[in-house]
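This is coords-v9.cif. It holds mmCIF, C-alpha atoms.
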data_upload
#
loop_
_atom_site.label_atom_id
_atom_site.label_comp_id
_atom_site.auth_asym_id
_atom_site.auth_seq_id
_atom_site.Cartn_x
_atom_site.Cartn_y
_atom_site.Cartn_z
CA MET A 1 13.75 -25.99 -13.45
CA PHE A 2 12.70 -23.11 -11.21
CA ASP A 3 11.28 -23.84 -7.79
CA TYR A 4 9.03 -20.79 -8.04
CA LEU A 5 7.68 -18.62 -10.82
CA ILE A 6 6.71 -15.28 -9.27
CA VAL A 7 4.36 -13.09 -11.30
CA GLY A 8 4.92 -9.46 -10.35
CA ALA A 9 8.02 -7.60 -9.13
CA GLY A 10 6.31 -5.33 -6.61
CA PHE A 11 6.46 -5.65 -2.83
CA ALA A 12 4.71 -9.03 -2.55
CA GLY A 13 6.67 -10.74 -5.32
CA SER A 14 10.05 -9.24 -4.44
CA VAL A 15 9.84 -10.01 -0.72
CA LEU A 16 8.93 -13.63 -1.44
CA ALA A 17 11.66 -13.93 -4.07
CA GLU A 18 14.25 -12.63 -1.61
CA ARG A 19 13.16 -14.90 1.23
CA LEU A 20 12.91 -18.02 -0.92
CA ALA A 21 16.27 -17.38 -2.58
CA THR A 22 18.33 -16.35 0.44
CA ARG A 23 16.74 -18.36 3.24
CA SER A 24 15.48 -21.46 1.45
CA ASN A 25 18.01 -21.65 -1.41
CA LYS A 26 15.20 -21.82 -3.97
CA LYS A 27 15.65 -20.95 -7.63
CA VAL A 28 13.19 -18.20 -8.48
CA LEU A 29 12.09 -16.54 -11.70
CA VAL A 30 10.40 -13.14 -11.26
CA ILE A 31 8.51 -11.73 -14.24
CA ASP A 32 6.66 -8.47 -14.72
CA LYS A 33 4.66 -6.89 -17.55
CA ARG A 34 6.26 -3.54 -16.91
CA SER A 35 9.75 -2.45 -17.93
CA HIS A 36 10.91 -2.10 -14.31
CA ILE A 37 10.87 -3.72 -10.89
CA ALA A 38 9.32 -2.21 -7.70
CA GLY A 39 5.70 -2.17 -8.92
CA ASN A 40 3.81 1.02 -8.14
CA ALA A 41 6.57 2.07 -5.72
CA PHE A 42 8.97 2.52 -8.67
CA ASP A 43 10.92 5.78 -8.53
CA HIS A 44 13.52 7.21 -10.89
CA TYR A 45 15.37 10.39 -11.78
CA ASN A 46 13.51 12.38 -14.43
CA GLU A 47 15.16 14.23 -17.31
CA ASP A 48 15.94 17.13 -14.99
CA GLY A 49 17.67 14.94 -12.42
CA ILE A 50 14.89 15.01 -9.82
CA LEU A 51 13.89 11.79 -8.06
CA ILE A 52 10.17 11.22 -8.67
CA HIS A 53 7.61 8.50 -7.93
CA LYS A 54 6.22 7.50 -11.32
CA TYR A 55 2.92 6.25 -9.91
CA GLY A 56 2.24 8.95 -7.34
CA PRO A 57 3.55 9.46 -3.80
CA HIS A 58 4.45 6.38 -1.77
CA ILE A 59 4.89 7.17 1.92
CA PHE A 60 6.18 4.34 4.08
CA HIS A 61 4.70 3.97 7.56
CA THR A 62 4.11 0.97 9.81
CA ASN A 63 3.59 -0.12 13.38
CA SER A 64 5.41 -3.39 12.70
CA LYS A 65 9.03 -3.42 13.85
CA ASP A 66 9.48 -6.74 12.04
CA VAL A 67 8.44 -5.23 8.70
CA PHE A 68 10.51 -2.08 9.24
CA ASP A 69 13.60 -4.05 10.26
CA TYR A 70 13.18 -6.48 7.38
CA LEU A 71 13.13 -3.71 4.76
CA GLY A 72 16.00 -2.04 6.62
CA ASN A 73 18.20 -4.91 5.42
CA PHE A 74 18.02 -3.34 1.96
CA THR A 75 17.95 0.39 2.63
CA ASP A 76 18.97 3.10 5.04
CA TRP A 77 16.03 5.22 6.13
CA ARG A 78 15.39 8.95 5.96
CA PRO A 79 13.10 9.98 8.84
CA TYR A 80 9.96 11.53 7.38
CA GLU A 81 6.53 12.38 8.81
CA HIS A 82 3.92 13.09 6.18
CA ARG A 83 1.83 16.25 6.30
CA VAL A 84 -1.05 17.23 4.04
CA LEU A 85 -3.00 20.43 3.52
CA ALA A 86 -6.46 20.67 1.97
CA SER A 87 -7.75 23.58 -0.10
CA VAL A 88 -11.13 24.41 1.43
CA ASP A 89 -13.07 27.70 1.23
CA GLY A 90 -10.04 29.47 -0.23
CA GLN A 91 -7.74 28.41 2.61
CA LEU A 92 -5.11 25.73 3.08
CA VAL A 93 -5.93 23.83 6.26
CA PRO A 94 -4.48 20.68 7.88
CA MET A 95 -5.82 17.30 6.80
CA PRO A 96 -6.83 15.08 8.62
CA ILE A 97 -9.17 17.49 10.39
CA ASN A 98 -7.69 18.61 13.70
CA LEU A 99 -7.95 21.50 16.17
CA ASP A 100 -6.07 23.92 13.90
CA THR A 101 -8.26 22.95 10.94
CA ILE A 102 -11.43 24.00 12.77
CA ASN A 103 -9.95 27.16 14.25
CA LYS A 104 -8.56 28.37 10.93
CA LEU A 105 -11.62 27.40 8.90
CA TYR A 106 -14.10 29.16 11.17
CA GLY A 107 -11.90 31.87 12.67
CA LEU A 108 -12.17 30.39 16.17
CA SER A 109 -9.76 29.82 19.04
CA LEU A 110 -11.13 26.63 20.55
CA THR A 111 -9.18 24.43 22.93
CA SER A 112 -8.94 20.66 22.58
CA PHE A 113 -11.80 20.21 25.03
CA GLU A 114 -13.94 22.79 23.24
CA VAL A 115 -13.35 21.31 19.80
CA GLU A 116 -14.42 17.93 21.13
CA GLU A 117 -17.67 19.57 22.23
CA PHE A 118 -17.90 21.25 18.81
CA PHE A 119 -17.67 17.90 17.01
CA ALA A 120 -20.25 16.41 19.33
CA SER A 121 -22.64 19.31 18.66
CA VAL A 122 -22.49 18.93 14.86
CA ALA A 123 -22.24 15.13 14.62
CA GLU A 124 -25.28 13.28 13.32
CA GLU A 125 -26.59 10.21 15.07
CA VAL A 126 -26.19 7.14 12.86
CA PRO A 127 -27.63 3.98 14.46
CA VAL A 128 -25.65 1.56 12.29
CA ILE A 129 -22.51 2.75 10.49
CA LYS A 130 -22.32 1.01 7.13
CA THR A 131 -21.07 3.52 4.55
CA SER A 132 -18.27 6.04 4.21
CA GLU A 133 -20.81 8.84 4.59
CA ASP A 134 -22.01 7.34 7.87
CA VAL A 135 -18.47 7.31 9.26
CA VAL A 136 -17.86 11.01 8.62
CA VAL A 137 -21.22 12.57 9.51
CA SER A 138 -21.32 10.57 12.74
CA LYS A 139 -17.99 12.14 13.75
CA VAL A 140 -17.95 15.69 12.37
CA GLY A 141 -21.38 16.39 10.92
CA ARG A 142 -22.77 17.23 7.51
CA GLU A 143 -21.03 20.57 6.83
CA LEU A 144 -17.48 19.30 7.30
CA TYR A 145 -18.42 16.14 5.41
CA ASN A 146 -19.45 18.29 2.44
CA LYS A 147 -16.35 20.49 2.65
CA PHE A 148 -13.72 17.76 2.96
CA PHE A 149 -15.07 14.35 1.96
CA LYS A 150 -18.11 14.27 -0.31
CA ASN A 151 -16.62 15.71 -3.50
CA TYR A 152 -13.13 14.31 -2.92
CA THR A 153 -14.55 10.81 -2.55
CA ASN A 154 -16.72 11.32 -5.61
CA LYS A 155 -13.67 12.24 -7.67
CA GLN A 156 -11.46 9.49 -6.24
CA TRP A 157 -13.94 6.63 -6.51
CA GLY A 158 -16.50 7.83 -9.06
CA LEU A 159 -19.13 7.09 -6.42
CA ASP A 160 -20.91 8.97 -3.67
CA PRO A 161 -19.60 8.13 -0.17
CA SER A 162 -23.06 6.78 0.65
CA GLN A 163 -22.36 3.99 -1.86
CA LEU A 164 -18.95 3.02 -0.49
CA ASP A 165 -18.05 0.71 2.38
CA LYS A 166 -17.20 2.40 5.68
CA SER A 167 -13.56 1.25 5.38
CA VAL A 168 -12.72 4.02 2.88
CA THR A 169 -13.18 7.06 5.13
CA SER A 170 -12.44 5.11 8.33
CA ARG A 171 -8.79 5.31 7.26
CA VAL A 172 -8.81 9.09 7.86
CA PRO A 173 -8.94 10.06 11.56
CA THR A 174 -10.40 13.16 13.21
CA ARG A 175 -8.27 14.76 15.94
CA THR A 176 -9.00 17.11 18.80
CA ASN A 177 -5.34 18.10 19.23
CA ARG A 178 -2.90 19.91 16.91
CA ASP A 179 -1.20 16.78 15.58
CA ASP A 180 -1.01 17.50 11.84
CA ARG A 181 0.78 14.29 10.83
CA TYR A 182 -1.15 12.30 8.26
CA PHE A 183 -0.04 9.04 9.91
CA THR A 184 0.68 8.26 13.55
CA ASP A 185 2.50 4.95 13.04
CA THR A 186 5.53 4.15 15.19
CA PHE A 187 7.86 3.88 12.18
CA GLN A 188 7.67 6.56 9.51
CA ALA A 189 10.48 6.97 6.99
CA MET A 190 11.47 7.01 3.34
CA PRO A 191 14.13 4.80 1.72
CA LEU A 192 17.20 7.03 1.75
CA HIS A 193 18.13 6.36 -1.88
CA GLY A 194 14.64 5.59 -3.14
CA TYR A 195 12.37 2.57 -3.46
CA THR A 196 13.88 1.23 -6.67
CA ARG A 197 17.35 1.05 -5.13
CA MET A 198 15.85 -0.87 -2.20
CA PHE A 199 14.20 -3.36 -4.57
CA GLU A 200 17.43 -3.78 -6.54
CA LYS A 201 19.23 -4.85 -3.37
CA MET A 202 16.36 -7.12 -2.40
CA LEU A 203 16.49 -8.96 -5.71
CA ASP A 204 20.28 -9.06 -6.01
CA HIS A 205 20.87 -12.79 -5.54
CA PRO A 206 22.24 -15.49 -7.88
CA ASN A 207 19.14 -17.64 -7.28
CA ILE A 208 16.85 -14.89 -8.61
CA LYS A 209 16.33 -14.32 -12.33
CA ILE A 210 14.20 -11.45 -13.61
CA MET A 211 12.27 -11.05 -16.88
CA LEU A 212 10.66 -7.66 -17.57
CA ASN A 213 8.26 -6.62 -20.33
CA THR A 214 6.86 -10.14 -20.03
CA ASP A 215 3.33 -11.47 -19.67
CA TYR A 216 3.45 -14.73 -17.73
CA LYS A 217 0.91 -16.27 -20.12
CA GLU A 218 3.43 -15.92 -22.95
CA ILE A 219 6.12 -18.00 -21.23
CA ILE A 220 4.30 -20.30 -18.82
CA LYS A 221 4.30 -23.23 -21.28
CA PHE A 222 8.01 -22.92 -22.03
CA ILE A 223 9.63 -22.40 -18.63
CA PRO A 224 9.46 -25.30 -16.17
CA PHE A 225 8.67 -24.48 -12.54
CA LYS A 226 7.26 -26.27 -9.51
CA GLU A 227 4.97 -23.65 -7.97
CA MET A 228 3.69 -20.19 -8.83
CA ILE A 229 3.25 -17.08 -6.70
CA PHE A 230 0.76 -14.75 -8.38
CA THR A 231 0.51 -11.06 -7.40
CA GLY A 232 -1.54 -9.77 -10.32
CA PRO A 233 -5.33 -9.29 -10.54
CA VAL A 234 -7.02 -12.49 -9.41
CA ASP A 235 -9.87 -12.12 -11.93
CA GLU A 236 -7.33 -11.86 -14.75
CA TYR A 237 -5.68 -15.12 -13.66
CA PHE A 238 -9.01 -16.89 -14.05
CA ASP A 239 -9.75 -15.19 -17.42
CA PHE A 240 -12.54 -13.08 -15.90
CA GLN A 241 -14.67 -16.21 -15.51
CA PHE A 242 -17.22 -14.47 -13.28
CA GLY A 243 -16.77 -10.99 -14.75
CA LYS A 244 -14.28 -8.19 -14.12
CA LEU A 245 -13.55 -6.99 -10.60
CA PRO A 246 -13.93 -3.18 -10.48
CA TYR A 247 -10.86 -1.05 -9.78
CA ARG A 248 -10.19 2.66 -9.78
CA SER A 249 -7.21 3.88 -11.74
CA LEU A 250 -5.18 7.08 -11.88
CA GLU A 251 -3.65 9.28 -14.53
CA PHE A 252 -0.48 11.11 -13.48
CA LYS A 253 0.65 14.39 -15.00
CA HIS A 254 4.25 15.17 -14.05
CA GLU A 255 5.83 18.63 -14.32
CA THR A 256 9.20 20.20 -13.54
CA LEU A 257 9.05 23.82 -12.37
CA ASN A 258 11.87 26.35 -12.51
CA LYS A 259 11.71 27.15 -8.82
CA GLU A 260 13.16 25.53 -5.72
CA HIS A 261 9.84 25.02 -3.92
CA HIS A 262 6.20 25.12 -4.98
CA LEU A 263 3.74 23.78 -2.40
CA ALA A 264 3.13 24.77 1.21
CA ALA A 265 3.13 21.07 2.14
CA PRO A 266 4.42 17.86 0.53
CA VAL A 267 0.85 17.13 -0.64
CA VAL A 268 -2.10 19.47 -1.13
CA ASN A 269 -5.58 17.97 -1.54
CA PHE A 270 -8.28 19.62 -3.61
CA PRO A 271 -11.61 18.22 -2.41
CA ASN A 272 -13.86 20.60 -4.33
CA GLU A 273 -12.13 22.43 -7.16
CA HIS A 274 -10.31 20.97 -10.19
CA ALA A 275 -10.57 17.55 -11.80
CA TYR A 276 -7.46 16.33 -9.98
CA THR A 277 -7.55 15.26 -6.34
CA ARG A 278 -4.10 16.31 -5.18
CA ILE A 279 -0.67 17.67 -6.08
CA THR A 280 2.56 16.20 -4.68
CA GLU A 281 5.99 17.84 -4.56
CA PHE A 282 8.58 15.07 -4.55
CA LYS A 283 11.56 16.90 -3.08
CA ALA A 284 9.57 17.31 0.13
CA LEU A 285 9.36 13.51 0.36
CA THR A 286 12.87 12.59 -0.70
CA GLY A 287 14.84 15.43 0.86
CA GLN A 288 16.69 15.98 -2.43
CA THR A 289 18.41 19.32 -2.98
CA HIS A 290 17.88 20.70 -6.49
CA PRO A 291 17.37 24.19 -8.00
CA GLN A 292 14.17 22.98 -9.68
CA THR A 293 11.22 21.05 -8.30
CA ALA A 294 9.00 18.26 -9.63
CA ILE A 295 5.28 17.88 -8.98
CA VAL A 296 2.56 15.47 -10.04
CA TYR A 297 -1.20 15.93 -10.47
CA GLU A 298 -3.45 12.93 -9.86
CA TYR A 299 -6.59 12.44 -11.95
CA PRO A 300 -8.74 9.48 -10.86
CA GLN A 301 -10.34 7.49 -13.66
CA ALA A 302 -12.33 4.32 -14.26
CA GLU A 303 -10.02 2.72 -16.83
CA GLY A 304 -6.28 2.07 -16.78
CA ASP A 305 -3.89 0.22 -14.50
CA PRO A 306 -5.74 -1.20 -11.48
CA TYR A 307 -4.86 0.69 -8.29
CA TYR A 308 -7.72 0.61 -5.83
CA PRO A 309 -10.22 -2.24 -5.34
CA VAL A 310 -13.68 -0.64 -5.08
CA PRO A 311 -15.10 -1.55 -1.63
CA MET A 312 -18.77 -2.30 -2.24
CA PRO A 313 -20.81 -5.33 -1.07
CA GLU A 314 -21.44 -6.62 -4.59
CA ASN A 315 -17.72 -6.47 -5.38
CA ALA A 316 -16.92 -8.41 -2.21
CA GLU A 317 -19.39 -11.08 -3.33
CA LEU A 318 -17.77 -11.26 -6.75
CA TYR A 319 -14.30 -11.53 -5.22
CA ALA A 320 -15.53 -14.35 -2.95
CA LYS A 321 -16.18 -16.42 -6.08
CA TYR A 322 -12.64 -15.85 -7.32
CA LYS A 323 -11.20 -16.54 -3.86
CA LYS A 324 -12.95 -19.92 -3.86
CA LEU A 325 -11.28 -20.73 -7.18
CA ALA A 326 -7.93 -19.50 -5.85
CA ASP A 327 -8.21 -21.64 -2.73
CA GLU A 328 -8.96 -24.68 -4.90
CA THR A 329 -6.02 -24.07 -7.26
CA THR A 330 -3.09 -26.22 -6.24
CA GLY A 331 0.46 -25.08 -6.79
CA VAL A 332 -0.47 -21.38 -7.05
CA HIS A 333 -0.31 -18.90 -4.17
CA PHE A 334 -2.16 -15.57 -4.43
CA VAL A 335 -0.70 -12.63 -2.52
CA GLY A 336 -0.79 -8.82 -2.64
CA ARG A 337 -3.37 -6.09 -3.17
CA LEU A 338 -4.52 -7.18 -6.64
CA ALA A 339 -4.45 -10.93 -6.02
CA THR A 340 -6.50 -10.66 -2.82
CA TYR A 341 -8.62 -7.63 -3.83
CA LYS A 342 -7.72 -5.71 -0.66
CA TYR A 343 -6.78 -2.05 -0.20
CA TYR A 344 -3.48 -2.79 1.56
CA ASN A 345 -0.76 -0.33 2.53
CA MET A 346 2.82 -1.21 1.58
CA ASP A 347 3.69 -2.56 5.02
CA GLN A 348 0.61 -4.78 5.00
CA VAL A 349 1.69 -6.32 1.69
CA VAL A 350 5.18 -6.96 3.09
CA ALA A 351 3.66 -8.59 6.18
CA GLN A 352 1.36 -10.72 4.03
CA ALA A 353 4.31 -11.87 1.91
CA LEU A 354 6.41 -12.73 4.98
CA THR A 355 3.47 -14.69 6.39
CA LEU A 356 3.12 -16.65 3.15
CA TYR A 357 6.85 -17.40 3.17
CA LYS A 358 6.56 -18.88 6.67
CA LYS A 359 3.57 -20.93 5.55
CA LEU A 360 5.52 -22.28 2.57
CA THR A 361 8.55 -23.20 4.67
CA ASP A 362 6.43 -24.75 7.41
CA LYS A 363 4.70 -26.87 4.76
CA GLU A 364 8.04 -27.97 3.34
CA GLU A 365 9.34 -28.94 6.78
CA ALA A 366 6.16 -30.91 7.47
CA ASN A 367 6.57 -32.84 4.22
CA LYS A 368 10.19 -33.83 4.90
CA PRO A 369 10.68 -37.52 5.72
CA VAL A 370 11.30 -38.20 9.39
CA ARG A 371 14.65 -39.84 10.13
CA PRO A 372 14.36 -43.03 12.21
CA ALA A 373 15.51 -42.58 15.77
CA ILE A 374 18.68 -44.33 16.89
CA ALA A 375 17.87 -47.03 19.38
CA GLY A 376 18.45 -45.94 22.93
CA SER A 377 18.83 -42.24 22.04
CA THR A 378 16.70 -39.43 23.41
CA SER A 379 15.81 -36.51 21.16
CA LEU A 380 16.49 -32.92 22.19
CA VAL A 381 12.74 -32.22 22.14
CA GLU A 382 12.11 -35.11 24.53
CA LYS A 383 14.86 -33.86 26.81
CA ILE A 384 13.30 -30.38 26.93
CA VAL A 385 9.77 -31.68 27.45
CA ASN A 386 10.75 -34.21 30.10
CA ARG A 387 13.28 -32.11 31.98
CA GLN A 388 12.71 -31.53 35.69
CA PRO A 389 11.60 -28.07 36.87
CA SER A 390 14.42 -25.83 37.94
CA LYS A 391 14.96 -25.54 41.69
CA GLU A 392 16.27 -21.96 41.46
#
When written as structure tokens, how does the structure in this file appear?
Amino acid sequence: MFDYLIVGAGFAGSVLAERLATRSNKKVLVIDKRSHIAGNAFDHYNEDGILIHKYGPHIFHTNSKDVFDYLGNFTDWRPYEHRVLASVDGQLVPMPINLDTINKLYGLSLTSFEVEEFFASVAEEVPVIKTSEDVVVSKVGRELYNKFFKNYTNKQWGLDPSQLDKSVTSRVPTRTNRDDRYFTDTFQAMPLHGYTRMFEKMLDHPNIKIMLNTDYKEIIKFIPFKEMIFTGPVDEYFDFQFGKLPYRSLEFKHETLNKEHHLAAPVVNFPNEHAYTRITEFKALTGQTHPQTAIVYEYPQAEGDPYYPVPMPENAELYAKYKKLADETTGVHFVGRLATYKYYNMDQVVAQALTLYKKLTDKEEANKPVRPAIAGSTSLVEKIVNRQPSKE
């Protein structure tokens, strides 16, 4: 009998498996449809011996010391600050838009104060910001919106930014200084030996069993367990009772090139030309030394593995129906991007999983029978509560 059946071996499932096994001595079975652990963060050495991310670049960044330190139990870190260039008007310019972006794009030499005035002069007044288009034009105006965001968003989401929730483009800042880092989080690093190695260490415990290439529906009737943790698509769990929740997917085209370096930055975005949205060069992320280099092109598509929940009001309403079912389902805990239909970063999923673990352990402690007090004794809690104030 397993204490927990965990569906999915990505961040959410693996963190919970590790905590339950090592801290609570629970017996855990982790299953995954794929042939590997680590979910979309899975990396491996390709046929040419280059470490690549199978499902596109995964850049770890967080402001949570707790999350960073927790994952640091299973990996050493390689310091890494992510930088991105965008191909616009025949030039490669920093993205997110910053002072250097504007100066290079328009052949100017503005200062930080002057570029702030420039943004203010081109920004459009938007009384109520609701959509992704509203977010951008209210900050940098229509021209920069068209150059950097409109077509990129159309390719990525299959929708015009005016149709998407403001949360999509709100993730991308606009800067008046020369800071060209894509993220400004306190902790930015890559697992020194890769994500998969980190997951292997996380799941290396005698209380954890793993079954790959397995659909939980195929084994659920045959393997006894007490509770389930589900990290897959919530609509799939409920057999699409209210219809399918929309996701965007990606197709990845990997290549090895007979050169040491290829791109001018780890990632180059292509907002306007080509069917793909970006190219990534993996050695720039991993720090690997190799005479060849590996790149990947990303082609957004409507069908395929679910990657990005589509943030639109009607989709939020549909998810609310599934959430109600999930909340009413006893013995099953839903966690992670797919199970909660949220566009979470990796650190947010880890934090969500750690929060659920605390909730599970708190519940277990609350359900434990209370030992009868020994007559005449005073508990430690009572001693602390009733102690006299210090006279120091």
| task | Name the residues in contact with Val7 (chain A) at a cut-off of 8 Å, using only C-alpha atoms, excluding same-chain residues fewer than 5 positions from it; report them as a ChimeraX atom specification. | result | /A:13,30-32,216,228-232
**Request:** Pull the neighbourhood of (-19.1, -6.2, -5.2) for me: all residues within 12 Å in file coordinates, counting all atoms listed in the file, as a list in words.
**Result:** Gln163, Leu164, Asp165, Phe242, Gly243, Lys244, Leu245, Pro246, Tyr247, Pro309, Val310, Pro311, Met312, Pro313, Glu314, Asn315, Ala316, Glu317, Leu318, Tyr319, Ala320, Lys321, Tyr322 and Tyr341 of chain A
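Put simply, the PyMOL selection byres ((chain A and resi 260-269) around 7) on this file hits A:Arg83, A:Val84, A:Leu85, A:Ala86, A:Ser87, A:Asn258, A:Lys259, A:Phe270, A:Pro271, A:Thr277, A:Arg278, A:Ile279, A:Thr280, A:Glu281, A:Ala284, A:Leu285, A:His290, A:Pro291, A:Gln292, A:Thr293.
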Give me, as a CSV table (one decimal) with C-alpha atoms, in the frame of the given file, all polymer residues having an atom no more than 9 Å from Thr75 (chain A), counting all atoms listed in the file and skipping those fewer than 3 positions away in the same chain.
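Below is the file that was written, out.csv:
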chain,number,residue,atom,x,y,z
A,71,LEU,CA,13.1,-3.7,4.8
A,72,GLY,CA,16.0,-2.0,6.6
A,191,PRO,CA,14.1,4.8,1.7
A,192,LEU,CA,17.2,7.0,1.8
A,193,HIS,CA,18.1,6.4,-1.9
A,194,GLY,CA,14.6,5.6,-3.1
A,195,TYR,CA,12.4,2.6,-3.5
A,197,ARG,CA,17.4,1.0,-5.1
A,198,MET,CA,15.8,-0.9,-2.2
A,199,PHE,CA,14.2,-3.4,-4.6
A,201,LYS,CA,19.2,-4.8,-3.4
Kindly provide, as JSON, the centre and edge lengths (Å, one decimal) of an axis-aligned box around all atoms of region 106-115 of chain A given in the file, with 6 Å on each side.
{"center_x": -11.5, "center_y": 26.0, "center_z": 18.1, "size_x": 17.2, "size_y": 23.7, "size_z": 25.9}
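One finds CA of Asn40 (chain A) at 25.9 Å from CA of Lys359 (chain A).
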One decimal place gives the CA of Glu218 (chain A)-CA of Phe2 (chain A) separation as 16.6 Å
To verify the selection step, state as a list in words which residues the PyMOL selection byres ((chain A and resi 63) around 10) yields on this input.
His61, Thr62, Ser64, Lys65, Asp66, Val67, Phe68, Thr184, Asp185, Thr186, Phe187, Gln188 and Asp347 of chain A
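CA of Val296 (chain A) is positioned 5.4 Å from CA of Lys253 (chain A).
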message: When you look at Thr214 (chain A) with a cut-off of 12 Å (counting only C-alpha atoms), what residues show up, excluding the ones that are within fewer than 6 positions of it in the same chain? I need them as a list in words.
response: Ile6, Val7, Gly8, Ala9, Leu29, Val30, Ile31, Asp32, Lys33, Arg34, Ser35, His36, Ile37 and Ile220 of chain A
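In terms of minimum interatomic distance to Glu255 (chain A), A:Ile50 ranks closest within A:Thr101, A:Ala120, A:Leu144, A:Ile50, counting all atoms listed in the file.
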Residue with the minimum atom-to-atom distance to Gly336 (chain A), picked from A:Met190, A:Val234, A:Asp362, A:Glu18 with only C-alpha atoms counted, is A:Val234
Distance query 8 Å from (10.9, 13.5, 11.1) using all atoms listed in the file, result as number ranges by chain: A: 79-81, 188-189
Suppose a student applies the PyMOL selection byres ((chain A and resi 112) around 7) to this structure; what residues should they get, written as number ranges by chain?
A: 99, 110-111, 113-116, 176-177
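By all atoms listed in the file, and with residues fewer than 6 positions from Asn151 (chain A) along its chain excluded, the set lying at most 12 Å from it is Val88, Glu133, Leu144, Tyr145, Trp157, Gly158, Leu159, Asp160, Pro161, Ser162, Asn269, Phe270, Pro271, Asn272, Glu273, His274, Ala275, Tyr276 and Thr277 of chain A.
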Deliver the residues from the most recent selection as a file, using C-alpha atoms, as a PDB file, in the coordinates of the input.
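Output file result_15.pdb follows:
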ATOM      1  CA  VAL A  88     -11.130  24.410   1.430  1.00  0.00           C
ATOM      2  CA  GLU A 133     -20.810   8.840   4.590  1.00  0.00           C
ATOM      3  CA  LEU A 144     -17.480  19.300   7.300  1.00  0.00           C
ATOM      4  CA  TYR A 145     -18.420  16.140   5.410  1.00  0.00           C
ATOM      5  CA  TRP A 157     -13.940   6.630  -6.510  1.00  0.00           C
ATOM      6  CA  GLY A 158     -16.500   7.830  -9.060  1.00  0.00           C
ATOM      7  CA  LEU A 159     -19.130   7.090  -6.420  1.00  0.00           C
ATOM      8  CA  ASP A 160     -20.910   8.970  -3.670  1.00  0.00           C
ATOM      9  CA  PRO A 161     -19.600   8.130  -0.170  1.00  0.00           C
ATOM     10  CA  SER A 162     -23.060   6.780   0.650  1.00  0.00           C
ATOM     11  CA  ASN A 269      -5.580  17.970  -1.540  1.00  0.00           C
ATOM     12  CA  PHE A 270      -8.280  19.620  -3.610  1.00  0.00           C
ATOM     13  CA  PRO A 271     -11.610  18.220  -2.410  1.00  0.00           C
ATOM     14  CA  ASN A 272     -13.860  20.600  -4.330  1.00  0.00           C
ATOM     15  CA  GLU A 273     -12.130  22.430  -7.160  1.00  0.00           C
ATOM     16  CA  HIS A 274     -10.310  20.970 -10.190  1.00  0.00           C
ATOM     17  CA  ALA A 275     -10.570  17.550 -11.800  1.00  0.00           C
ATOM     18  CA  TYR A 276      -7.460  16.330  -9.980  1.00  0.00           C
ATOM     19  CA  THR A 277      -7.550  15.260  -6.340  1.00  0.00           C
TER      20      THR A 277
END
Using all atoms listed in the file, the best pick from A:Leu356, A:Leu338, A:Leu257, A:Leu325 as closest to Gly10 (chain A) would be A:Leu338
Using all atoms listed in the file, the shortest atom-to-atom distance to Tyr307 (chain A) among A:Ser249, A:Asn345, A:Thr329, A:Gln288 belongs to A:Ser249
